[in-house]
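Step one of this worksheet: look at the structure below.
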Amino acid sequence: VPAPELRAPMLRTRDSRLAALIDACYPSASRRLAEEGRVVVVVHIDATGRIGAWNIVQSSGFSRLDAAVHCVARRLEFVPARRDDTALAESARLPIVFRLD
């Protein structure tokens, strides 16, 4: 009997909304100092699609941008992982890019 297929969690927040969230969470001091960077986090998504916790696995090099991940992450929505018809808690890597336009 084949093992049930596991579908990974997916970001429900659309790209345009994600960009707006990142922009809203961009620290004002980082804007003034022209700090940009990419923070990679592992997010732990519960069976309802909410982030329960996250860990930074790659820093942007700027402590303010790394700290701003909290602001972004708490507003994200996910479709939870599934095995057959059962929603599961699962982790995923998520890059968050802070870029000034």
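Residues are named by chain letter and number: chains run A, B, ... in the order of the structure tokens, numbers start at 1 in each chain, and ligands are numbered from 1 in the order shown.
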
Item to complete: Can you pull out every residue within 10 Å of Gly61 of chain A, counting only C-alpha atoms, but drop anything in the same chain fewer than 6 positions away, and send it as a list in words?
Response: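 Contacts, in chain order: Glu35, Glu36, Gly37, Arg38 and Val39 of chain A.
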
Could those selected residues go to a file with N, CA and C atoms, as a compact mmCIF listing (two decimals), in the first residue's frame?
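As a result, result-v3.txt now contains:
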# COMPACT_ATOMS: atom_id res chain seq x y z
N GLU A 35 18.87 50.41 4.45
CA GLU A 35 19.17 49.01 4.72
C GLU A 35 18.21 48.12 3.95
N GLU A 36 18.76 47.18 3.23
CA GLU A 36 17.97 46.19 2.50
C GLU A 36 18.55 44.81 2.81
N GLY A 37 17.73 43.79 2.69
CA GLY A 37 18.24 42.46 2.92
C GLY A 37 17.18 41.39 2.83
N ARG A 38 17.65 40.16 2.88
CA ARG A 38 16.79 38.98 2.78
C ARG A 38 16.95 38.19 4.07
N VAL A 39 15.83 37.93 4.73
CA VAL A 39 15.81 37.13 5.95
C VAL A 39 15.12 35.81 5.59

Worksheet entry | For segment 70-87 of chain A: contacts at 9 Å, only C-alpha atoms, fewer than 2 positions along chain excluded, given as an NGL selection string | :A and (4-13 or 18 or 21-22 or 24-26 or 43 or 45-54 or 66-68 or 89-91 or 96)

Select from chain A everything DSSP, run on the backbone, classes as strand (DSSP E or B), then give the selection as a short mmCIF file (atom, residue, chain, number, x, y, z; two decimals) with N, CA and C atoms, in the first residue's frame.
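The result, stored in out02.cif:
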data_model
loop_
_atom_site.label_atom_id
_atom_site.label_comp_id
_atom_site.auth_asym_id
_atom_site.auth_seq_id
_atom_site.Cartn_x
_atom_site.Cartn_y
_atom_site.Cartn_z
N LEU A 6 1.91 13.58 1.14
CA LEU A 6 1.92 14.76 2.00
C LEU A 6 2.02 16.00 1.11
N ARG A 7 1.04 16.90 1.22
CA ARG A 7 1.10 18.17 0.51
C ARG A 7 1.63 19.21 1.47
N MET A 10 1.12 25.91 1.95
CA MET A 10 1.28 26.92 0.90
C MET A 10 0.88 28.28 1.45
N LEU A 11 1.58 29.28 1.03
CA LEU A 11 1.26 30.64 1.43
C LEU A 11 -0.07 31.04 0.79
N GLY A 37 17.73 43.79 2.69
CA GLY A 37 18.24 42.46 2.92
C GLY A 37 17.18 41.39 2.83
N ARG A 38 17.65 40.16 2.88
CA ARG A 38 16.79 38.98 2.78
C ARG A 38 16.95 38.19 4.07
N VAL A 39 15.83 37.93 4.73
CA VAL A 39 15.81 37.13 5.95
C VAL A 39 15.12 35.81 5.59
N VAL A 40 15.77 34.70 5.90
CA VAL A 40 15.14 33.40 5.65
C VAL A 40 14.73 32.83 7.01
N VAL A 41 13.45 32.48 7.10
CA VAL A 41 12.92 31.93 8.34
C VAL A 41 12.31 30.56 8.08
N VAL A 42 12.34 29.73 9.09
CA VAL A 42 11.58 28.49 9.07
C VAL A 42 10.35 28.77 9.91
N VAL A 43 9.19 28.67 9.28
CA VAL A 43 7.93 28.93 9.98
C VAL A 43 7.28 27.60 10.33
N HIS A 44 6.71 27.54 11.51
CA HIS A 44 6.02 26.34 11.99
C HIS A 44 4.52 26.66 11.90
N ILE A 45 3.86 25.98 10.98
CA ILE A 45 2.46 26.26 10.65
C ILE A 45 1.58 25.18 11.28
N ILE A 51 0.75 30.63 11.80
CA ILE A 51 2.14 30.43 12.23
C ILE A 51 2.18 30.43 13.75
N GLY A 52 2.72 29.36 14.30
CA GLY A 52 2.85 29.28 15.75
C GLY A 52 4.19 29.80 16.23
N ALA A 53 5.23 29.62 15.42
CA ALA A 53 6.57 30.06 15.79
C ALA A 53 7.40 30.14 14.52
N TRP A 54 8.54 30.79 14.64
CA TRP A 54 9.47 30.86 13.51
C TRP A 54 10.87 31.03 14.06
N ASN A 55 11.83 30.62 13.24
CA ASN A 55 13.25 30.75 13.59
C ASN A 55 13.97 31.34 12.39
N ILE A 56 14.82 32.30 12.64
CA ILE A 56 15.64 32.86 11.56
C ILE A 56 16.78 31.89 11.29
N VAL A 57 16.92 31.47 10.03
CA VAL A 57 18.00 30.58 9.64
C VAL A 57 19.04 31.30 8.80
N GLN A 58 18.69 32.49 8.29
CA GLN A 58 19.66 33.31 7.56
C GLN A 58 19.32 34.77 7.82
N PHE A 78 -1.60 30.80 5.75
CA PHE A 78 -1.19 29.63 4.99
C PHE A 78 -2.34 28.65 4.82
N VAL A 79 -2.25 27.88 3.76
CA VAL A 79 -3.07 26.68 3.62
C VAL A 79 -2.24 25.60 4.30
N ALA A 81 -0.50 22.09 5.66
CA ALA A 81 -0.10 20.84 5.03
C ALA A 81 -1.24 19.84 5.16
N ARG A 82 -1.29 18.89 4.24
CA ARG A 82 -2.36 17.88 4.29
C ARG A 82 -1.79 16.51 3.94
N ARG A 83 -2.31 15.54 4.61
CA ARG A 83 -2.08 14.14 4.26
C ARG A 83 -3.46 13.55 4.09
N THR A 86 -6.56 15.18 5.85
CA THR A 86 -6.28 15.64 7.20
C THR A 86 -5.26 16.77 7.19
N ALA A 87 -5.62 17.91 7.79
CA ALA A 87 -4.69 19.02 7.93
C ALA A 87 -3.66 18.69 9.00
N LEU A 88 -2.42 19.07 8.74
CA LEU A 88 -1.32 18.75 9.66
C LEU A 88 -0.49 19.98 9.98
N GLU A 90 3.11 21.60 10.13
CA GLU A 90 4.30 21.35 9.31
C GLU A 90 5.15 22.61 9.31
N SER A 91 6.41 22.48 8.93
CA SER A 91 7.31 23.63 8.84
C SER A 91 7.64 23.90 7.37
N ALA A 92 8.01 25.17 7.10
CA ALA A 92 8.40 25.55 5.74
C ALA A 92 9.42 26.67 5.82
N ARG A 93 10.32 26.72 4.84
CA ARG A 93 11.28 27.83 4.73
C ARG A 93 10.61 28.96 3.97
N LEU A 94 10.84 30.18 4.45
CA LEU A 94 10.22 31.34 3.84
C LEU A 94 11.22 32.49 3.77
N PRO A 95 11.57 32.93 2.56
CA PRO A 95 12.44 34.11 2.45
C PRO A 95 11.58 35.37 2.51
N ILE A 96 12.00 36.34 3.28
CA ILE A 96 11.33 37.64 3.35
C ILE A 96 12.35 38.69 2.91
N VAL A 97 12.05 39.36 1.82
CA VAL A 97 12.99 40.30 1.23
C VAL A 97 12.54 41.73 1.52
N PHE A 98 13.41 42.47 2.17
CA PHE A 98 13.18 43.89 2.45
C PHE A 98 13.97 44.67 1.40
#

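Atom CA of Ser28 of chain A is found 18.6 Å from atom CA of Ser59 of chain A.
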
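For the pair atom CA of Ser60 of chain A and atom CA of Ser30 of chain A, the separation is 11.7 Å.
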
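Note that the spacing between atom CA of Arg31 of chain A and atom CA of Arg99 of chain A amounts to 9.2 Å.
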
Discussion item. To test your reading of the structure, identify every residue in chain A that backbone DSSP assigns to alpha helix (DSSP H), and report it as a list in words.
Written reply: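 The alpha helix (DSSP H) residues within chain A come out as Asp15, Ser16, Arg17, Leu18, Ala19, Ala20, Leu21, Ile22, Asp23, Ala24, Cys25, Ser28, Ala29, Ser30, Arg31, Arg32, Ser63, Arg64, Leu65, Asp66, Ala67, Ala68, Val69, His70, Cys71, Val72 and Ala73 of chain A.
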
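Using only C-alpha atoms, the shortest contact distance between Leu33 of chain A and any of A:Arg64, A:Pro2, A:Val69, A:Arg17 is found at A:Arg64.
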